[in-house]
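Before any comments, here is the structure.
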2 protein chains.
Amino acid sequence: MSVSVRDVAKKAGVSVGTVSNVINNPDKVAQATVLKVQAAIKGLGFIRNDAARQLRAGKSRSIGLVVLAVQNPFFAEVARGAEEAATDHGLTVLFANSDENEDRERHLLVLFEEQRVAGLLVSPIASDLSEITKISDRGTPVVLVDRESKDKSFSSVSVDNVAGGFMAANHLVEIGKKKTMFAGGPMSIKQIADRLKGAKRATQGTGVTLEVVETKNLTVPEGRALAEEILSRPKKLWPDGIFAANDLLAFGIMQVLVVAPNVSIPEDIALVGYDDISYSSNALISLTSVRQPSLTIGAKAVELLLRADQNINEPVGRQVVFQPELVVRDSTLPKRIELIPLDHY
Amino acid sequence: MSVSVRDVAKKAGVSVGTVSNVINNPDKVAQATVLKVQAAIKGLGFIRNDAARQLRAGKSRSIGLVVLAVQNPFFAEVARGAEEAATDHGLTVLFANSDENEDRERHLLVLFEEQRVAGLLVSPIASDLSEITKISDRGTPVVLVDRESKDKSFSSVSVDNVAGGFMAANHLVEIGKKKTMFAGGPMSIKQIADRLKGAKRATQGTGVTLEVVETKNLTVPEGRALAEEILSRPKKLWPDGIFAANDLLAFGIMQVLVVAPNVSIPEDIALVGYDDISYSSNALISLTSVRQPSLTIGAKAVELLLRADQNINEPVGRQVVFQPELVVRDSTLPKRIELIPLDHY
DNA sequence: CTGTTAGCGCGTTCAC
DNA sequence: GTGAACGCGCTAACAG
């Protein structure tokens, strides 16, 4: 089979203990011996067996990340952030996709627990956290991502969607819009409902109206259908500012409005999206959007994980809630300093 | 620490061997004993230690996938395909991101090799495959993804970019276009150069001209700039069909053409993209594009991996080259049966 | 059918 | 600064 420390020891003419020390505590070994052993390692192509190492250590140096969908740009960035933070601590992040499937999620959690990962970052599907509670009780630190833990039994990192909704709608108010619209749905998704709540708060008592349109989903075609419905109304019933609950929806709306002969963005209708996915800055009319600090979320989650690890006796988790940020672009404010477009793909 | 088979054995009043058999060979154990042991496992919250299991087995049940960028929709789908195929064989896929960074790639490969993964799927950055050759020589099966192995020493799964380029350009010829344009770059990327080669082959000898514009990159802004350059020409110098080397570039072109007052798509200018990313079907004018069978690529890669595993003595790898597929939409053919839009995000 | 036991490859004692 | 021996948790082989 593959070469082991014993083979290396034999070739270098030393004992296995010395080989181990060369790898893990080079300071404790004479320089000449170190070189001899390293040469043997290279020559034999020795790769240490992590299973054996873990078995001895009792823990691995990887952390598991279970997300709903890797293709979602938000989670992709969270993963990136987590990866960077983990690397700083000598850890590696292993991704897995739950695909919004509870069985898959369960399976992956077991898998990671069997691997005795140093910690688990989870954006859970189910509202029922009992499985995850058990894992945590058994000693694997868990941090919830993009979701708060009601009973504070876990640490969590999330974003304030009410604040994000407020920012978006408030921006429309500030640029002088009077008849605004919130578009998004389904309202059963807590994040969406929160964004609406924020929007209502921003318009309340300002004399600005807020028409609420609940959509079936948050896709481009849905946005396009909505925009067509709006254009079919008499012009006096048009909103003058639309807050779409995510960027895809906003793109759909924009596509239709851009080619309509008698509408201009943002003069007639201003448009705000949510998520700030990379396409936002690349749209024909660059889209004002609410940006979630996804990289930071990932990094913070890792940090909480490590903290939990050191300080197991901490009775309750820390709930970190980030504030989103409004990124103003042409769809609400035409005259501005040109930003350098992001080169994503 | 965590509960072990010994604890379970004690609680169930049996020996560790029996516990192991209950987990791995339930048929060999009396029904009553099985139930007793399972109850103990549940009661104690026993989770088997995979490190120990692997140490014994010599191999893990996961396969490693190293891609250039998870956020790239193409790789995201390859990953999905690999995941599904792996699941069918009781394996799990662990992703990691090389981020187009050679050091990171090297690091990840070592990590996976230390884990003694059952196999490795890699879309390598460097043209130098010597590192990967070493890994393969040491016994970990490797399959190259989206890249052919020149010397046939590995198995690989890739897509025929020449054929894809041919399809795209040939489609423009078939719908009666006479002055076509290829846009894309840099040509140092082999995939792009191949697409151009195919496009040339399709136009050659047909009387249709092919103007080649090498772009700096494949982004939306680059496409927009190109479209503006075209519009600034006298109309007689406009191309009547454009083949963009990827969808993002095509979107940029489309955005500008759509709002230009004196151009209509596809009558004046038809547009073909490449990759068929999910946004393609959602564009204002849905985009004709060349689709790579990304799911299938991932699945096939896993299959080759398993085959290599069984049949180590096979001297050379199998090179599987898939043919892409042209998906015709409104940007080249306005009147067609309406397709149901994809609901991605 | 069940119990006992020997390693898998490594890191970590301790003696030297 | 070095080497020999033990054990992490599990599985497989064999003995009962």
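Residues in the structure tokens are named by chain (A, B, ... in the order shown) and by number from 1 within that chain; ligands are numbered from 1 in the order shown.
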
Give me, as a list of chain:residue names, all polymer residues having an atom no more than 12 Å from Lys300 of chain A, counting only C-alpha atoms (C1' of nucleotides) and skipping those fewer than 6 positions away in the same chain.
A:Val78, A:Ala79, A:Arg80, A:Gly81, A:Ala82, A:Glu83, A:Glu84, A:Ala85, A:Ala86, A:Leu121, A:Val143, A:Leu144, A:Val145, A:Asp146, A:Ser155, A:Ser156, A:Val157, A:Ser158, A:Val159, A:Pro293, A:Ser294, A:Leu306, A:Arg307, A:Arg318, A:Gln319, A:Val320, A:Val321, A:Phe322

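For DT2 of chain D, the residues within 10 Å (counting only C-alpha atoms (C1' of nucleotides), excluding itself and residues fewer than 3 positions away along the chain) are Val14, Ser15, Gly17, Thr18, Val29 and Ala30 of chain A; DC16 of chain C.
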
Can I get the selected residues back with N, CA and C atoms (P, O5', C5', C4', C3', O3' and C1' of nucleotides), as a compact mmCIF listing (two decimals), in the first residue's frame?
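Output (selection-v9.txt):
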```
# COMPACT_ATOMS: atom_id res chain seq x y z
N VAL A 14 16.43 6.36 10.87
CA VAL A 14 16.08 6.86 12.21
C VAL A 14 14.85 6.11 12.70
N SER A 15 14.32 6.50 13.82
CA SER A 15 13.13 5.83 14.34
C SER A 15 11.86 6.60 13.96
N GLY A 17 9.55 7.79 15.77
CA GLY A 17 9.33 8.96 16.62
C GLY A 17 10.03 10.18 16.07
N THR A 18 11.21 9.98 15.57
CA THR A 18 11.97 11.10 15.01
C THR A 18 11.28 11.64 13.76
N VAL A 29 14.50 18.55 16.74
CA VAL A 29 15.35 17.58 16.06
C VAL A 29 16.58 18.28 15.48
N ALA A 30 17.69 17.60 15.48
CA ALA A 30 18.92 18.17 14.93
C ALA A 30 18.76 18.48 13.45
P DC C 16 16.15 3.46 31.47
O5' DC C 16 17.09 4.07 30.32
C5' DC C 16 17.25 3.37 29.10
C4' DC C 16 17.79 4.31 28.05
C3' DC C 16 19.23 4.76 28.28
O3' DC C 16 20.09 3.95 27.48
C1' DC C 16 17.84 6.48 27.34
```

Should the cut-off be 7 Å, what would the residue list for chain B against chain A look like, counting only C-alpha atoms, as an MDAnalysis selection string?
chainID B and resid 47:52 54:55 71:73 76 94:96 114:115 219:221 255 259 282 284 343 345

If you keep N, CA and C atoms, can you produce a file of those selected residues as a PDB file, in the first residue's frame?
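Writing the result to result_13.pdb gives the following:
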```pdb
ATOM      1  N   ILE B  47     -22.161   7.852  17.506  1.00  0.00           N
ATOM      2  CA  ILE B  47     -21.852   8.197  16.113  1.00  0.00           C
ATOM      3  C   ILE B  47     -20.514   7.565  15.786  1.00  0.00           C
ATOM      4  N   ARG B  48     -20.478   6.744  14.776  1.00  0.00           N
ATOM      5  CA  ARG B  48     -19.222   6.030  14.560  1.00  0.00           C
ATOM      6  C   ARG B  48     -18.134   6.967  14.068  1.00  0.00           C
ATOM      7  N   ASN B  49     -16.950   6.695  14.528  1.00  0.00           N
ATOM      8  CA  ASN B  49     -15.806   7.543  14.200  1.00  0.00           C
ATOM      9  C   ASN B  49     -15.241   7.134  12.844  1.00  0.00           C
ATOM     10  N   ASP B  50     -15.407   8.029  11.915  1.00  0.00           N
ATOM     11  CA  ASP B  50     -15.035   7.690  10.551  1.00  0.00           C
ATOM     12  C   ASP B  50     -13.521   7.573  10.382  1.00  0.00           C
ATOM     13  N   ALA B  51     -12.787   8.316  11.202  1.00  0.00           N
ATOM     14  CA  ALA B  51     -11.327   8.246  11.100  1.00  0.00           C
ATOM     15  C   ALA B  51     -10.861   6.826  11.386  1.00  0.00           C
ATOM     16  N   ALA B  52     -11.399   6.251  12.440  1.00  0.00           N
ATOM     17  CA  ALA B  52     -11.006   4.890  12.799  1.00  0.00           C
ATOM     18  C   ALA B  52     -11.446   3.913  11.716  1.00  0.00           C
ATOM     19  N   GLN B  54     -11.889   4.516   8.566  1.00  0.00           N
ATOM     20  CA  GLN B  54     -11.038   4.687   7.397  1.00  0.00           C
ATOM     21  C   GLN B  54      -9.665   4.081   7.620  1.00  0.00           C
ATOM     22  N   LEU B  55      -9.154   4.315   8.794  1.00  0.00           N
ATOM     23  CA  LEU B  55      -7.824   3.815   9.103  1.00  0.00           C
ATOM     24  C   LEU B  55      -7.794   2.311   8.852  1.00  0.00           C
ATOM     25  N   GLN B  71     -18.621  29.363  -7.936  1.00  0.00           N
ATOM     26  CA  GLN B  71     -19.682  30.300  -8.323  1.00  0.00           C
ATOM     27  C   GLN B  71     -19.945  30.283  -9.821  1.00  0.00           C
ATOM     28  N   ASN B  72     -19.041  29.713 -10.581  1.00  0.00           N
ATOM     29  CA  ASN B  72     -19.276  29.562 -12.011  1.00  0.00           C
ATOM     30  C   ASN B  72     -20.381  28.523 -12.223  1.00  0.00           C
ATOM     31  N   PRO B  73     -21.466  28.934 -12.876  1.00  0.00           N
ATOM     32  CA  PRO B  73     -22.612  28.048 -13.016  1.00  0.00           C
ATOM     33  C   PRO B  73     -22.251  26.715 -13.672  1.00  0.00           C
ATOM     34  N   ALA B  76     -20.783  24.564 -10.983  1.00  0.00           N
ATOM     35  CA  ALA B  76     -21.815  24.249 -10.000  1.00  0.00           C
ATOM     36  C   ALA B  76     -22.640  23.060 -10.484  1.00  0.00           C
ATOM     37  N   LEU B  94     -16.922  15.918  -1.739  1.00  0.00           N
ATOM     38  CA  LEU B  94     -16.504  17.102  -0.999  1.00  0.00           C
ATOM     39  C   LEU B  94     -15.917  18.101  -1.985  1.00  0.00           C
ATOM     40  N   PHE B  95     -16.452  19.315  -1.963  1.00  0.00           N
ATOM     41  CA  PHE B  95     -15.983  20.335  -2.887  1.00  0.00           C
ATOM     42  C   PHE B  95     -14.848  21.116  -2.282  1.00  0.00           C
ATOM     43  N   ALA B  96     -14.048  21.677  -3.118  1.00  0.00           N
ATOM     44  CA  ALA B  96     -13.159  22.727  -2.668  1.00  0.00           C
ATOM     45  C   ALA B  96     -12.814  23.579  -3.862  1.00  0.00           C
ATOM     46  N   GLU B 114      -4.178  13.318   1.746  1.00  0.00           N
ATOM     47  CA  GLU B 114      -4.007  12.930   3.153  1.00  0.00           C
ATOM     48  C   GLU B 114      -5.268  12.247   3.670  1.00  0.00           C
ATOM     49  N   GLN B 115      -6.382  12.647   3.150  1.00  0.00           N
ATOM     50  CA  GLN B 115      -7.640  12.039   3.571  1.00  0.00           C
ATOM     51  C   GLN B 115      -7.871  10.705   2.888  1.00  0.00           C
ATOM     52  N   THR B 219     -16.927  39.474 -20.197  1.00  0.00           N
ATOM     53  CA  THR B 219     -17.830  40.064 -19.213  1.00  0.00           C
ATOM     54  C   THR B 219     -18.912  40.906 -19.871  1.00  0.00           C
ATOM     55  N   VAL B 220     -19.918  41.227 -19.096  1.00  0.00           N
ATOM     56  CA  VAL B 220     -21.017  42.057 -19.576  1.00  0.00           C
ATOM     57  C   VAL B 220     -20.532  43.430 -20.055  1.00  0.00           C
ATOM     58  N   PRO B 221     -19.716  44.126 -19.287  1.00  0.00           N
ATOM     59  CA  PRO B 221     -19.273  45.449 -19.759  1.00  0.00           C
ATOM     60  C   PRO B 221     -18.508  45.371 -21.077  1.00  0.00           C
ATOM     61  N   GLN B 255     -28.014  44.001 -24.177  1.00  0.00           N
ATOM     62  CA  GLN B 255     -28.506  45.160 -23.422  1.00  0.00           C
ATOM     63  C   GLN B 255     -28.453  46.435 -24.252  1.00  0.00           C
ATOM     64  N   VAL B 259     -32.008  48.549 -26.531  1.00  0.00           N
ATOM     65  CA  VAL B 259     -32.504  49.918 -26.351  1.00  0.00           C
ATOM     66  C   VAL B 259     -32.137  50.839 -27.505  1.00  0.00           C
ATOM     67  N   ASN B 282     -33.873  33.695 -19.320  1.00  0.00           N
ATOM     68  CA  ASN B 282     -34.605  34.755 -18.634  1.00  0.00           C
ATOM     69  C   ASN B 282     -34.329  36.145 -19.182  1.00  0.00           C
ATOM     70  N   LEU B 284     -34.417  39.412 -21.550  1.00  0.00           N
ATOM     71  CA  LEU B 284     -35.586  40.055 -22.142  1.00  0.00           C
ATOM     72  C   LEU B 284     -35.921  39.383 -23.465  1.00  0.00           C
ATOM     73  N   ASP B 343     -36.829  28.131 -13.428  1.00  0.00           N
ATOM     74  CA  ASP B 343     -36.958  28.888 -12.178  1.00  0.00           C
ATOM     75  C   ASP B 343     -35.725  28.707 -11.320  1.00  0.00           C
ATOM     76  N   TYR B 345     -32.480  30.076  -8.909  1.00  0.00           N
ATOM     77  CA  TYR B 345     -31.988  31.047  -7.931  1.00  0.00           C
ATOM     78  C   TYR B 345     -31.877  30.379  -6.600  1.00  0.00           C
TER      79      TYR B 345
END
```

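Within 8 Å of chain B, chain C contributes the residues DC1, DT2, DG3, DC8 and DG9 of chain C, using only C-alpha atoms (C1' of nucleotides).
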
Now that the selection is made, can you save its residues with N, CA and C atoms (P, O5', C5', C4', C3', O3' and C1' of nucleotides) as a PDB file, in the first residue's frame?
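Once written, again_17.pdb looks like this:
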```pdb
ATOM      1  P    DC C   1     -28.967 -17.043  12.917  1.00  0.00           P
ATOM      2  O5'  DC C   1     -27.925 -16.940  14.086  1.00  0.00           O
ATOM      3  C5'  DC C   1     -27.979 -15.902  14.977  1.00  0.00           C
ATOM      4  C4'  DC C   1     -26.906 -16.211  15.988  1.00  0.00           C
ATOM      5  C3'  DC C   1     -26.197 -14.954  16.481  1.00  0.00           C
ATOM      6  O3'  DC C   1     -26.728 -14.637  17.754  1.00  0.00           O
ATOM      7  C1'  DC C   1     -24.758 -16.842  16.272  1.00  0.00           C
ATOM      8  P    DT C   2     -26.591 -13.264  18.368  1.00  0.00           P
ATOM      9  O5'  DT C   2     -25.176 -13.347  19.092  1.00  0.00           O
ATOM     10  C5'  DT C   2     -25.072 -14.091  20.309  1.00  0.00           C
ATOM     11  C4'  DT C   2     -23.607 -14.238  20.661  1.00  0.00           C
ATOM     12  C3'  DT C   2     -22.902 -12.918  20.984  1.00  0.00           C
ATOM     13  O3'  DT C   2     -22.546 -12.962  22.355  1.00  0.00           O
ATOM     14  C1'  DT C   2     -21.560 -14.350  19.651  1.00  0.00           C
ATOM     15  P    DG C   3     -21.925 -11.688  23.047  1.00  0.00           P
ATOM     16  O5'  DG C   3     -20.391 -12.102  23.165  1.00  0.00           O
ATOM     17  C5'  DG C   3     -20.057 -13.254  23.919  1.00  0.00           C
ATOM     18  C4'  DG C   3     -18.569 -13.522  23.854  1.00  0.00           C
ATOM     19  C3'  DG C   3     -17.689 -12.325  24.244  1.00  0.00           C
ATOM     20  O3'  DG C   3     -16.653 -12.808  25.101  1.00  0.00           O
ATOM     21  C1'  DG C   3     -17.103 -13.083  22.062  1.00  0.00           C
ATOM     22  P    DC C   8      -0.685  -3.402  10.932  1.00  0.00           P
ATOM     23  O5'  DC C   8      -1.615  -2.286  10.278  1.00  0.00           O
ATOM     24  C5'  DC C   8      -2.538  -2.595   9.244  1.00  0.00           C
ATOM     25  C4'  DC C   8      -3.486  -1.428   9.115  1.00  0.00           C
ATOM     26  C3'  DC C   8      -2.794  -0.078   9.185  1.00  0.00           C
ATOM     27  O3'  DC C   8      -2.590   0.397   7.854  1.00  0.00           O
ATOM     28  C1'  DC C   8      -4.767  -0.154  10.600  1.00  0.00           C
ATOM     29  P    DG C   9      -1.146   0.817   7.380  1.00  0.00           P
ATOM     30  O5'  DG C   9      -0.938   2.208   8.119  1.00  0.00           O
ATOM     31  C5'  DG C   9      -1.695   3.333   7.704  1.00  0.00           C
ATOM     32  C4'  DG C   9      -1.383   4.488   8.618  1.00  0.00           C
ATOM     33  C3'  DG C   9       0.097   4.851   8.685  1.00  0.00           C
ATOM     34  O3'  DG C   9       0.186   6.256   8.521  1.00  0.00           O
ATOM     35  C1'  DG C   9      -0.762   4.524  10.851  1.00  0.00           C
TER      36       DG C   9
END
```

Using DSSP on the backbone coordinates, identify the residues of segment 125-168 of chain A assigned to helix (DSSP H, G or I); present them as a PyMOL selection string.
chain A and resi 130-137+161-168
